[in-house]
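Shown below: my_file36.txt, with compact mmCIF, C-alpha atoms and all ligand atoms.
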```
# COMPACT_ATOMS: atom_id res chain seq x y z
CA MET G 1 0.00 0.00 0.00
CA SER G 2 1.35 3.46 -0.80
CA LYS G 3 1.58 6.07 1.95
CA GLN G 4 -1.91 7.11 3.01
CA ARG G 5 -3.34 9.76 5.29
CA VAL G 6 -4.73 8.19 8.49
CA LEU G 7 -6.78 9.84 11.21
CA SER G 8 -8.69 8.66 14.25
CA GLY G 9 -9.95 9.92 17.59
CA ILE G 10 -10.99 8.77 21.04
CA GLN G 11 -13.15 10.60 23.56
CA PRO G 12 -11.52 11.60 26.84
CA SER G 13 -14.47 10.43 28.90
CA GLY G 14 -13.88 7.81 31.58
CA LYS G 15 -11.19 5.17 31.38
CA LEU G 16 -10.10 3.56 28.15
CA THR G 17 -10.83 -0.15 27.93
CA LEU G 18 -9.44 -3.24 26.31
CA GLY G 19 -12.17 -2.68 23.68
CA ASN G 20 -10.63 0.67 22.68
CA TYR G 21 -7.21 -0.95 22.55
CA ILE G 22 -8.15 -3.98 20.46
CA GLY G 23 -10.77 -2.29 18.29
CA ALA G 24 -8.77 0.83 17.50
CA MET G 25 -5.41 1.48 19.15
CA ILE G 26 -3.57 -1.64 17.96
CA ASN G 27 -4.24 -0.44 14.43
CA TYR G 28 -3.18 3.12 15.25
CA VAL G 29 0.21 1.74 16.20
CA ALA G 30 0.45 -0.64 13.25
CA LEU G 31 -0.38 2.10 10.71
CA GLN G 32 2.11 4.70 12.02
CA HIS G 33 5.11 2.94 10.46
CA GLU G 34 3.92 3.16 6.86
CA HIS G 35 1.49 6.05 6.80
CA ASP G 36 1.01 9.71 7.62
CA CYS G 37 -0.97 9.47 10.86
CA TYR G 38 -2.99 11.92 12.98
CA TYR G 39 -4.47 10.75 16.28
CA MET G 40 -6.49 13.02 18.47
CA ILE G 41 -8.27 13.20 21.77
CA VAL G 42 -11.73 14.45 20.83
CA ASP G 43 -12.46 16.78 23.73
CA LEU G 44 -15.00 18.76 21.68
CA HIS G 45 -16.95 15.54 21.22
CA ALA G 46 -16.71 14.72 24.93
CA ILE G 47 -18.68 17.85 25.87
CA THR G 48 -21.73 16.62 23.95
CA VAL G 49 -22.61 15.14 27.34
CA PRO G 50 -21.96 17.07 30.59
CA GLN G 51 -18.34 16.90 31.78
CA GLU G 52 -16.91 17.97 35.09
CA PRO G 53 -14.06 20.42 34.22
CA ALA G 54 -11.40 18.84 36.44
CA ALA G 55 -12.28 15.38 35.14
CA LEU G 56 -12.19 16.51 31.52
CA ARG G 57 -8.72 17.99 32.02
CA GLU G 58 -7.38 14.90 33.78
CA GLN G 59 -8.93 12.47 31.28
CA SER G 60 -7.62 14.41 28.29
CA GLU G 61 -4.05 14.23 29.60
CA ALA G 62 -4.51 10.60 30.60
CA VAL G 63 -5.68 9.57 27.11
CA ALA G 64 -2.80 11.48 25.50
CA ALA G 65 -0.33 9.66 27.76
CA LEU G 66 -2.00 6.34 26.94
CA PHE G 67 -1.57 7.02 23.22
CA VAL G 68 2.17 7.16 23.78
CA ALA G 69 2.14 4.27 26.27
CA VAL G 70 0.51 1.86 23.79
CA GLY G 71 3.34 2.54 21.37
CA LEU G 72 2.54 5.63 19.32
CA ASP G 73 5.70 7.52 18.48
CA PRO G 74 5.11 11.30 18.54
CA ALA G 75 7.95 11.71 16.05
CA LYS G 76 5.90 9.70 13.56
CA ALA G 77 2.23 10.25 14.37
CA ALA G 78 0.83 13.66 15.31
CA ILE G 79 -0.88 13.32 18.71
CA PHE G 80 -3.09 16.27 19.59
CA LEU G 81 -6.20 17.63 21.28
CA GLN G 82 -9.11 18.41 18.99
CA SER G 83 -9.71 21.74 20.78
CA HIS G 84 -6.16 22.88 19.96
CA VAL G 85 -6.94 22.90 16.24
CA ARG G 86 -9.65 25.48 15.66
CA ALA G 87 -10.41 24.24 12.18
CA HIS G 88 -12.38 21.33 13.74
CA ALA G 89 -15.04 23.64 15.14
CA GLU G 90 -15.10 25.64 11.93
CA LEU G 91 -15.50 22.76 9.49
CA GLY G 92 -17.79 21.07 12.03
CA TRP G 93 -20.25 23.92 11.60
CA ILE G 94 -20.03 23.73 7.83
CA MET G 95 -20.66 19.96 7.92
CA THR G 96 -23.65 20.54 10.24
CA THR G 97 -25.19 22.75 7.58
CA LEU G 98 -24.67 20.03 4.95
CA SER G 99 -26.25 17.28 7.09
CA TYR G 100 -29.94 16.38 6.99
CA MET G 101 -32.01 15.94 10.16
CA GLY G 102 -33.18 12.55 8.87
CA GLU G 103 -29.69 11.13 8.46
CA LEU G 104 -28.60 12.33 11.91
CA GLU G 105 -31.77 10.88 13.44
CA ARG G 106 -30.86 7.45 12.08
CA MET G 107 -27.49 7.28 13.88
CA THR G 108 -27.62 4.41 16.37
CA GLN G 109 -25.04 5.99 18.71
CA PHE G 110 -27.31 9.04 19.01
CA LYS G 111 -30.37 6.88 19.59
CA ASP G 112 -28.55 4.90 22.31
CA LYS G 113 -27.17 7.97 24.07
CA ALA G 114 -30.47 9.88 23.87
CA ALA G 115 -32.65 6.95 24.99
CA GLY G 116 -34.61 7.64 28.15
CA LYS G 117 -33.29 11.22 28.61
CA ASP G 118 -35.70 14.17 29.05
CA ALA G 119 -33.21 16.75 27.82
CA VAL G 120 -30.97 15.75 24.93
CA GLY G 121 -28.23 18.22 23.99
CA ALA G 122 -28.20 19.52 20.42
CA GLY G 123 -24.47 18.74 20.28
CA LEU G 124 -25.21 15.06 20.80
CA PHE G 125 -27.39 15.21 17.72
CA THR G 126 -24.87 17.01 15.49
CA TYR G 127 -21.93 14.98 16.85
CA PRO G 128 -21.48 12.98 13.61
CA ALA G 129 -21.14 16.19 11.56
CA LEU G 130 -18.20 17.23 13.76
CA MET G 131 -16.73 13.76 13.38
CA ALA G 132 -17.03 14.07 9.60
CA ALA G 133 -15.18 17.39 9.81
CA ASP G 134 -12.42 15.75 11.88
CA ILE G 135 -11.82 13.23 9.14
CA LEU G 136 -12.32 15.42 6.07
CA LEU G 137 -10.00 18.17 7.34
CA TYR G 138 -6.99 15.92 6.81
CA LYS G 139 -8.01 14.53 3.40
CA THR G 140 -7.99 11.24 5.29
CA LYS G 141 -8.06 7.95 3.38
CA LEU G 142 -8.05 5.43 6.27
CA VAL G 143 -9.88 5.71 9.58
CA PRO G 144 -8.95 2.99 12.09
CA VAL G 145 -12.01 2.42 14.29
CA GLY G 146 -14.05 -0.34 15.88
CA GLU G 147 -17.19 -1.71 14.25
CA ASP G 148 -19.51 0.69 16.15
CA GLN G 149 -18.18 3.68 14.15
CA LYS G 150 -19.02 2.23 10.73
CA GLN G 151 -22.29 4.14 10.48
CA HIS G 152 -20.58 7.46 11.28
CA LEU G 153 -18.03 6.70 8.58
CA GLU G 154 -20.80 6.06 6.06
CA LEU G 155 -22.27 9.48 6.87
CA THR G 156 -18.81 11.05 6.51
CA ARG G 157 -18.49 9.46 3.06
CA ASP G 158 -21.93 10.79 2.09
CA LEU G 159 -21.06 14.30 3.27
CA ALA G 160 -17.75 14.30 1.38
CA GLY G 161 -19.56 13.17 -1.78
CA ARG G 162 -22.30 15.76 -1.29
CA PHE G 163 -19.76 18.55 -0.82
CA ASN G 164 -17.76 17.53 -3.90
CA HIS G 165 -20.93 17.24 -5.97
CA ARG G 166 -22.15 20.71 -5.00
CA PHE G 167 -18.93 22.63 -4.87
CA GLY G 168 -16.43 20.68 -6.97
CA GLU G 169 -13.85 17.98 -6.07
CA THR G 170 -12.31 19.20 -2.83
CA LEU G 171 -12.61 16.47 -0.19
CA VAL G 172 -11.30 12.89 -0.07
CA VAL G 173 -13.87 10.12 0.54
CA PRO G 174 -12.46 8.07 3.47
CA GLU G 175 -12.70 4.38 4.31
CA PRO G 176 -13.04 2.67 7.68
CA PHE G 177 -10.13 0.44 8.68
CA ILE G 178 -11.61 -2.17 10.98
CA PRO G 179 -9.78 -5.15 12.55
CA LYS G 180 -10.74 -8.63 11.31
CA VAL G 181 -10.75 -10.03 14.85
CA GLY G 182 -11.91 -7.92 17.80
CA ALA G 183 -13.77 -5.16 15.94
CA ARG G 184 -16.41 -5.38 18.64
CA ILE G 185 -15.20 -6.54 22.04
CA MET G 186 -18.17 -7.38 24.22
CA SER G 187 -18.93 -6.84 27.92
CA LEU G 188 -17.61 -9.54 30.22
CA ASP G 189 -20.98 -9.80 31.97
CA ASP G 190 -23.20 -9.66 28.90
CA ALA G 191 -22.03 -10.55 25.43
CA THR G 192 -24.95 -8.77 23.79
CA LYS G 193 -23.45 -5.36 24.75
CA LYS G 194 -20.15 -3.87 23.66
CA MET G 195 -17.46 -3.44 26.28
CA SER G 196 -17.76 0.18 27.33
CA LYS G 197 -16.18 2.56 29.82
CA SER G 198 -19.61 4.02 30.53
CA ASN G 199 -21.01 0.73 31.89
CA PRO G 200 -21.78 1.21 35.61
CA ASN G 201 -20.51 -2.29 36.41
CA PRO G 202 -16.68 -2.18 36.42
CA GLY G 203 -16.66 -5.99 36.23
CA SER G 204 -18.02 -5.69 32.69
CA TYR G 205 -14.88 -4.10 31.26
CA ILE G 206 -11.12 -4.22 31.57
CA ALA G 207 -9.66 -0.74 31.85
CA LEU G 208 -6.19 -0.33 30.39
CA LEU G 209 -5.00 0.81 33.81
CA ASP G 210 -6.63 -1.99 35.87
CA SER G 211 -4.19 -3.76 38.19
CA PRO G 212 -3.08 -7.30 37.20
CA ASP G 213 -5.09 -8.72 40.10
CA ASP G 214 -8.24 -6.93 39.02
CA ILE G 215 -7.75 -8.18 35.47
CA ARG G 216 -7.38 -11.76 36.71
CA LYS G 217 -10.47 -11.42 38.90
CA LYS G 218 -12.59 -9.88 36.15
CA ILE G 219 -11.68 -12.54 33.61
CA SER G 220 -12.18 -15.41 36.02
CA ARG G 221 -15.67 -14.03 36.80
CA ALA G 222 -16.53 -13.33 33.15
CA LYS G 223 -19.77 -14.94 32.12
CA THR G 224 -19.35 -18.08 29.99
CA ASP G 225 -21.72 -19.97 27.73
CA LEU G 226 -23.15 -23.38 28.54
CA GLY G 227 -21.02 -26.34 27.47
CA ARG G 228 -17.26 -26.54 27.76
CA GLU G 229 -15.73 -26.42 24.27
CA ILE G 230 -13.53 -23.57 23.19
CA VAL G 231 -14.92 -22.87 19.71
CA PHE G 232 -15.40 -19.61 17.86
CA ASP G 233 -19.12 -19.24 17.20
CA PRO G 234 -20.34 -15.71 18.01
CA ALA G 235 -24.00 -16.60 17.40
CA GLU G 236 -24.14 -19.71 19.60
CA LYS G 237 -21.25 -19.08 21.99
CA PRO G 238 -20.86 -15.29 22.19
CA GLU G 239 -19.07 -15.21 25.53
CA ILE G 240 -16.36 -17.74 24.77
CA SER G 241 -15.97 -16.24 21.28
CA ASN G 242 -15.36 -12.84 22.86
CA LEU G 243 -12.64 -14.25 25.12
CA MET G 244 -11.11 -15.97 22.07
CA SER G 245 -10.98 -12.65 20.18
CA ILE G 246 -9.29 -11.00 23.16
CA PHE G 247 -6.81 -13.88 23.47
CA SER G 248 -6.09 -13.83 19.74
CA GLN G 249 -5.30 -10.11 19.73
CA CYS G 250 -3.18 -10.33 22.89
CA THR G 251 -1.08 -13.30 21.72
CA GLY G 252 -1.05 -13.03 17.93
CA LYS G 253 -2.52 -16.56 17.67
CA SER G 254 -5.27 -17.15 15.12
CA LEU G 255 -8.72 -18.29 16.21
CA ASP G 256 -8.07 -21.66 14.55
CA GLU G 257 -4.85 -22.18 16.44
CA ILE G 258 -6.56 -21.31 19.70
CA GLN G 259 -9.36 -23.76 18.97
CA LYS G 260 -6.81 -26.55 18.32
CA ASP G 261 -4.63 -25.70 21.32
CA TYR G 262 -7.58 -25.86 23.72
CA GLU G 263 -9.36 -28.88 22.32
CA GLY G 264 -10.60 -31.04 25.19
CA GLN G 265 -9.70 -28.45 27.83
CA GLY G 266 -12.32 -26.65 29.91
CA TYR G 267 -13.14 -22.99 30.34
CA GLY G 268 -11.14 -22.74 33.59
CA THR G 269 -7.72 -23.33 32.01
CA PHE G 270 -8.56 -21.15 29.05
CA LYS G 271 -9.70 -18.22 31.19
CA LYS G 272 -6.49 -18.36 33.24
CA ASP G 273 -4.45 -18.17 30.04
CA VAL G 274 -6.58 -15.30 28.69
CA ALA G 275 -6.00 -13.37 31.93
CA GLU G 276 -2.22 -13.89 31.76
CA ALA G 277 -2.15 -12.84 28.10
CA VAL G 278 -4.03 -9.62 28.88
CA VAL G 279 -1.80 -8.89 31.89
CA SER G 280 1.34 -9.37 29.84
CA VAL G 281 0.09 -6.92 27.20
CA LEU G 282 -1.12 -4.30 29.69
CA GLU G 283 1.71 -4.36 32.27
CA PRO G 284 4.33 -2.76 30.01
CA ILE G 285 1.76 -0.21 28.81
CA GLN G 286 1.01 0.71 32.44
CA ARG G 287 4.72 1.12 33.26
CA LYS G 288 5.24 3.38 30.28
CA TYR G 289 2.10 5.34 31.14
CA ALA G 290 3.41 6.05 34.66
CA ASP G 291 6.77 7.24 33.24
CA ILE G 292 5.13 9.61 30.75
CA ARG G 293 2.78 11.10 33.31
CA ALA G 294 5.69 11.64 35.71
CA SER G 295 7.85 13.27 33.01
CA GLY G 296 5.36 16.02 32.14
CA GLU G 297 6.36 15.46 28.50
CA ILE G 298 2.78 15.23 27.33
CA HIS G 299 2.27 18.98 26.98
CA ARG G 300 5.16 19.33 24.58
CA ILE G 301 3.93 16.34 22.55
CA LEU G 302 0.43 17.83 22.30
CA LYS G 303 1.77 21.25 21.28
CA ASP G 304 3.93 19.79 18.54
CA GLY G 305 1.07 17.54 17.35
CA ALA G 306 -1.37 20.46 17.19
CA GLU G 307 1.06 22.53 15.14
CA ARG G 308 1.50 19.76 12.60
CA ALA G 309 -2.24 19.09 12.48
CA SER G 310 -3.17 22.78 12.16
CA ALA G 311 -0.97 23.23 9.13
CA VAL G 312 -2.91 20.56 7.22
CA ALA G 313 -6.33 21.45 8.61
CA GLU G 314 -6.03 25.18 7.88
CA THR G 315 -5.25 24.49 4.24
CA THR G 316 -8.37 22.34 3.85
CA VAL G 317 -10.63 24.87 5.55
CA ARG G 318 -9.37 27.54 3.17
CA GLU G 319 -10.08 25.31 0.16
CA VAL G 320 -13.54 24.45 1.48
CA LYS G 321 -14.45 28.08 2.12
CA GLU G 322 -13.17 29.16 -1.23
CA ALA G 323 -15.17 26.43 -3.01
CA MET G 324 -18.33 27.47 -1.14
CA GLY G 325 -18.02 31.14 -2.02
CA PHE G 326 -16.83 32.62 1.26
CA VAL G 327 -14.75 35.75 0.82
CA LEU G 328 -11.31 34.71 2.08
CA PRO G 329 -9.28 37.03 4.26
CA ALA G 330 -6.36 38.54 2.37
CA ARG G 331 -3.03 36.80 3.00
CA ASP G 332 -0.28 39.05 4.37
P1 LIG P 401 -14.79 5.80 22.18
O1 LIG P 401 -14.26 5.27 23.46
O2 LIG P 401 -16.26 5.62 22.04
O3 LIG P 401 -14.32 7.19 21.89
O4 LIG P 401 -14.16 4.86 21.06
C1 LIG P 401 -12.86 5.02 20.59
C2 LIG P 401 -12.52 3.92 19.60
O5 LIG P 401 -12.53 2.64 20.23
C3 LIG P 401 -13.50 3.84 18.43
O6 LIG P 401 -12.77 3.55 17.26
C4 LIG P 401 -14.38 2.68 18.79
O7 LIG P 401 -14.91 2.03 17.67
C5 LIG P 401 -13.41 1.78 19.53
N1 LIG P 401 -14.11 0.93 20.51
C6 LIG P 401 -14.75 1.37 21.64
N2 LIG P 401 -15.29 0.34 22.31
C7 LIG P 401 -15.00 -0.78 21.58
C8 LIG P 401 -15.28 -2.18 21.76
N3 LIG P 401 -15.98 -2.63 22.80
N4 LIG P 401 -14.82 -3.04 20.82
C9 LIG P 401 -14.11 -2.60 19.76
N5 LIG P 401 -13.81 -1.30 19.54
C10 LIG P 401 -14.23 -0.40 20.44
N1 LIG P 402 -17.07 9.02 17.41
C1 LIG P 402 -15.86 8.35 17.79
C2 LIG P 402 -16.17 7.39 18.96
O1 LIG P 402 -17.08 7.60 19.71
C3 LIG P 402 -14.77 9.30 18.19
C4 LIG P 402 -14.34 10.17 17.04
C5 LIG P 402 -14.54 11.50 16.93
C6 LIG P 402 -13.62 9.74 15.89
N2 LIG P 402 -13.97 11.95 15.77
C7 LIG P 402 -13.41 10.92 15.11
C8 LIG P 402 -13.17 8.52 15.43
C9 LIG P 402 -12.74 10.88 13.89
C10 LIG P 402 -12.50 8.48 14.20
C11 LIG P 402 -12.29 9.66 13.43
O2 LIG P 402 -15.47 6.46 19.12
```
What is this structure when it is put down as structure tokens?
Ligand code: AMP
Ligand code: TRP
Amino acid sequence: MSKQRVLSGIQPSGKLTLGNYIGAMINYVALQHEHDCYYMIVDLHAITVPQEPAALREQSEAVAALFVAVGLDPAKAAIFLQSHVRAHAELGWIMTTLSYMGELERMTQFKDKAAGKDAVGAGLFTYPALMAADILLYKTKLVPVGEDQKQHLELTRDLAGRFNHRFGETLVVPEPFIPKVGARIMSLDDATKKMSKSNPNPGSYIALLDSPDDIRKKISRAKTDLGREIVFDPAEKPEISNLMSIFSQCTGKSLDEIQKDYEGQGYGTFKKDVAEAVVSVLEPIQRKYADIRASGEIHRILKDGAERASAVAETTVREVKEAMGFVLPARD
């Protein structure tokens, strides 16, 4: 594959989970070696639901440090905060004006987040238009995300096409880049729901900063299907299939290999091995995370990332405004 533009983002709300890592971050790291990558902490998206200021600040720095801890190299990938690059808010507004109410109403993430609430923020509704702006600003080709973001990517593709059709070829139509195994890591207590940091039961997810003992406890208590065979069958055996996906991504073994290795063995042995595999992936990440937080380096990394990102984003906004008929400010 030739060098492509890559962009993705994660919300700084709550703790990141093993689902974020397997569904998205492993690919962030893999893509940085060959491609031109931009990874951001989407703080403007986080405020679509109420955020406590101190928590938002802490979580934003924590996610930035985790980006580096999982193996992103700031010399290769630009790591930045969405709010540091003003072009996001600007193109976000423009994309809001290009979006239809009907297409935003169909977004399942919106429906889930709005369900049962009396007051639903307008920002939650227009969230996907801002996400489209995030992606289109960088003329992005590949967007590494988990399965749940596919629908937002489809909307982004539609908006790019709509813009180009109305105003002339300006924007690149992006594609989702979704892992073959682990695109949707499920809750440990209920394999019909995705693993999520917003689940009130901490036993349902593994946070990237959970202690090894907590990880072992959570996996040993994870719900398992009836029967005792270790076979990959998400329809019939969703819980064991979920643990197999986790094990596969933490060890590099294929699902077939895992199935063969554990033939005739029960869930108990398998769960112990899954727990050790997860611990051995997360322990070095946690050590590196502690070092980065202690060093205070993160502010310099974010400043440098925002400068690199702004240079690209500003150029696109100018092209977009020019194509739409805005009078551009004179250049000095
Ligand atoms: P979020 O935490 O919602 O900002 O998600 C950040 C990234 O992690 C997105 O690309 C999601 O698709 C991905 N992600 C979140 N939860 C999961 C999960 N349970 N399984 C796979 N990917 C996930
Ligand atoms: N909506 C994404 C999520 O909830 C986060 C996000 C915002 C994002 N902007 C993005 C992901 C741009 C990829 C590209 O996970």
Taking (-8.3, 10.6, 6.1) in the file's coordinates, which residues come within 7 Å, counting all atoms listed in the file, written as a ChimeraX atom specification? /G:5-7,135-136,138-143,174
File of the preceding selection, C-alpha atoms, as a compact mmCIF listing (two decimals), in the frame of the given file:
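Ended up saving to part01.txt:
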```txt
# COMPACT_ATOMS: atom_id res chain seq x y z
CA ARG G 5 -3.34 9.76 5.29
CA VAL G 6 -4.73 8.19 8.49
CA LEU G 7 -6.78 9.84 11.21
CA ILE G 135 -11.82 13.23 9.14
CA LEU G 136 -12.32 15.42 6.07
CA TYR G 138 -6.99 15.92 6.81
CA LYS G 139 -8.01 14.53 3.40
CA THR G 140 -7.99 11.24 5.29
CA LYS G 141 -8.06 7.95 3.38
CA LEU G 142 -8.05 5.43 6.27
CA VAL G 143 -9.88 5.71 9.58
CA PRO G 174 -12.46 8.07 3.47
```
Centre and size of axis-aligned box enclosing ligand LIG 402 (chain P) plus 4 Å each side, as AutoDock Vina command-line options:
```
--center_x -14.7 --center_y 9.2 --center_z 16.6 --size_x 12.8 --size_y 13.5 --size_z 14.3
```
Nearest candidate to ligand LIG 402 (chain P) (options G:Glu61, G:Glu105, G:Asp134, G:Glu319; using all atoms listed in the file): G:Asp134
Leaving out region 197-214 of chain G and any residue of its chain fewer than 5 positions from it, which residues lie within 7 Å of it when counting all atoms listed in the file, given as a PDB file with C-alpha atoms, keeping the file's coordinate frame?
```pdb
ATOM      1  CA  GLY G  14     -13.880   7.810  31.580  1.00  0.00           C
ATOM      2  CA  LYS G  15     -11.190   5.170  31.380  1.00  0.00           C
ATOM      3  CA  LEU G  16     -10.100   3.560  28.150  1.00  0.00           C
ATOM      4  CA  THR G  17     -10.830  -0.150  27.930  1.00  0.00           C
ATOM      5  CA  LEU G  18      -9.440  -3.240  26.310  1.00  0.00           C
ATOM      6  CA  SER G 187     -18.930  -6.840  27.920  1.00  0.00           C
ATOM      7  CA  LEU G 188     -17.610  -9.540  30.220  1.00  0.00           C
ATOM      8  CA  ASP G 189     -20.980  -9.800  31.970  1.00  0.00           C
ATOM      9  CA  VAL G 279      -1.800  -8.890  31.890  1.00  0.00           C
ATOM     10  CA  LEU G 282      -1.120  -4.300  29.690  1.00  0.00           C
ATOM     11  CA  GLN G 286       1.010   0.710  32.440  1.00  0.00           C
TER      12      GLN G 286
END
```
Expressed in Å to a single decimal, how great is the separation between CA of Met25 (chain G) and atom C4 of ligand LIG 401 (chain P)? 9.1 Å
May I ask you to write as a VMD selection string all residues lying at most 7 Å from ligand LIG 401 (chain P), with all atoms listed in the file counted? chain G and resid 9 to 11 16 19 to 24 144 to 149 182 to 186 194 to 196
Which residue, G:Ile298, G:Val320, G:Ile94, G:Ala132, has the smallest gap to ligand LIG 402 (chain P) when you use all atoms listed in the file? G:Ala132
Point-to-point distance in Å for CA of Lys111 (chain G) and CA of Ser60 (chain G): 25.5 Å
With a distance cut-off of 8 Å and only C-alpha atoms, select the neighbouring residues of Ala309 (chain G), excluding the residue or stretch itself and same-chain residues fewer than 2 positions from it, and output the selection as a PDB file with C-alpha atoms, keeping the file's coordinate frame.
```pdb
ATOM      1  CA  TYR G  38      -2.990  11.920  12.980  1.00  0.00           C
ATOM      2  CA  ALA G  78       0.830  13.660  15.310  1.00  0.00           C
ATOM      3  CA  PHE G  80      -3.090  16.270  19.590  1.00  0.00           C
ATOM      4  CA  VAL G  85      -6.940  22.900  16.240  1.00  0.00           C
ATOM      5  CA  GLY G 305       1.070  17.540  17.350  1.00  0.00           C
ATOM      6  CA  ALA G 306      -1.370  20.460  17.190  1.00  0.00           C
ATOM      7  CA  GLU G 307       1.060  22.530  15.140  1.00  0.00           C
ATOM      8  CA  ALA G 311      -0.970  23.230   9.130  1.00  0.00           C
ATOM      9  CA  VAL G 312      -2.910  20.560   7.220  1.00  0.00           C
ATOM     10  CA  ALA G 313      -6.330  21.450   8.610  1.00  0.00           C
TER      11      ALA G 313
END
```
Please identify all polymer residues within 9 Å of Tyr262 (chain G), counting all atoms listed in the file, omitting same-chain residues fewer than 5 positions from it, and present them as number ranges by chain. G: 229-231, 257, 269-270
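You can rank G:Thr48, G:Asn242, G:Gln4, G:Ser280 by their closest distance to ligand LIG 402 (chain P) using all atoms listed in the file, and at the top of that list sits G:Thr48.
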Grab the CA of Lys113 (chain G) to CA of Pro234 (chain G) distance for me, in Å with one decimal place. 25.4 Å
Nearest to ligand LIG 402 (chain P), chosen from G:Leu130, G:Leu56, G:Ala64, G:Ala222, with all atoms listed in the file counted in the distances: G:Leu130
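Nearest to Val49 (chain G) of all the residues G:His299, G:Lys260, G:His152, G:Lys117 is G:Lys117, based on all atoms listed in the file.
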Could you pull region 144-149 of chain G out of the block above and give me all heavy atoms, as a PDB file, in the first residue's frame?
```
ATOM      1  N   PRO G 144      -8.897   4.183  11.237  1.00  0.00           N
ATOM      2  CA  PRO G 144      -8.945   2.988  12.089  1.00  0.00           C
ATOM      3  C   PRO G 144      -9.929   3.169  13.243  1.00  0.00           C
ATOM      4  O   PRO G 144      -9.755   4.057  14.078  1.00  0.00           O
ATOM      5  CB  PRO G 144      -7.497   2.850  12.601  1.00  0.00           C
ATOM      6  CG  PRO G 144      -6.877   4.196  12.442  1.00  0.00           C
ATOM      7  CD  PRO G 144      -7.613   4.896  11.338  1.00  0.00           C
ATOM      8  N   VAL G 145     -10.958   2.347  13.261  1.00  0.00           N
ATOM      9  CA  VAL G 145     -12.011   2.419  14.291  1.00  0.00           C
ATOM     10  C   VAL G 145     -12.558   1.019  14.542  1.00  0.00           C
ATOM     11  O   VAL G 145     -12.327   0.100  13.761  1.00  0.00           O
ATOM     12  CB  VAL G 145     -13.217   3.302  13.843  1.00  0.00           C
ATOM     13  CG1 VAL G 145     -12.920   4.776  13.976  1.00  0.00           C
ATOM     14  CG2 VAL G 145     -13.680   2.952  12.439  1.00  0.00           C
ATOM     15  N   GLY G 146     -13.312   0.891  15.632  1.00  0.00           N
ATOM     16  CA  GLY G 146     -14.054  -0.337  15.883  1.00  0.00           C
ATOM     17  C   GLY G 146     -15.340  -0.321  15.063  1.00  0.00           C
ATOM     18  O   GLY G 146     -15.736   0.700  14.499  1.00  0.00           O
ATOM     19  N   GLU G 147     -15.972  -1.467  15.033  1.00  0.00           N
ATOM     20  CA  GLU G 147     -17.195  -1.705  14.253  1.00  0.00           C
ATOM     21  C   GLU G 147     -18.298  -0.660  14.516  1.00  0.00           C
ATOM     22  O   GLU G 147     -19.022  -0.250  13.610  1.00  0.00           O
ATOM     23  CB  GLU G 147     -17.679  -3.101  14.677  1.00  0.00           C
ATOM     24  CG  GLU G 147     -18.990  -3.550  14.131  1.00  0.00           C
ATOM     25  CD  GLU G 147     -18.819  -4.269  12.818  1.00  0.00           C
ATOM     26  OE1 GLU G 147     -17.736  -4.847  12.567  1.00  0.00           O
ATOM     27  OE2 GLU G 147     -19.783  -4.229  12.049  1.00  0.00           O
ATOM     28  N   ASP G 148     -18.402  -0.213  15.780  1.00  0.00           N
ATOM     29  CA  ASP G 148     -19.508   0.690  16.149  1.00  0.00           C
ATOM     30  C   ASP G 148     -19.447   2.041  15.416  1.00  0.00           C
ATOM     31  O   ASP G 148     -20.441   2.761  15.391  1.00  0.00           O
ATOM     32  CB  ASP G 148     -19.549   0.913  17.673  1.00  0.00           C
ATOM     33  CG  ASP G 148     -18.284   1.584  18.197  1.00  0.00           C
ATOM     34  OD1 ASP G 148     -17.213   1.395  17.605  1.00  0.00           O
ATOM     35  OD2 ASP G 148     -18.374   2.303  19.209  1.00  0.00           O
ATOM     36  N   GLN G 149     -18.299   2.376  14.820  1.00  0.00           N
ATOM     37  CA  GLN G 149     -18.181   3.678  14.149  1.00  0.00           C
ATOM     38  C   GLN G 149     -18.467   3.621  12.656  1.00  0.00           C
ATOM     39  O   GLN G 149     -18.378   4.626  11.950  1.00  0.00           O
ATOM     40  CB  GLN G 149     -16.787   4.270  14.390  1.00  0.00           C
ATOM     41  CG  GLN G 149     -16.528   4.596  15.853  1.00  0.00           C
ATOM     42  CD  GLN G 149     -17.557   5.566  16.396  1.00  0.00           C
ATOM     43  OE1 GLN G 149     -17.852   6.594  15.799  1.00  0.00           O
ATOM     44  NE2 GLN G 149     -18.133   5.225  17.549  1.00  0.00           N
TER      45      GLN G 149
END
```
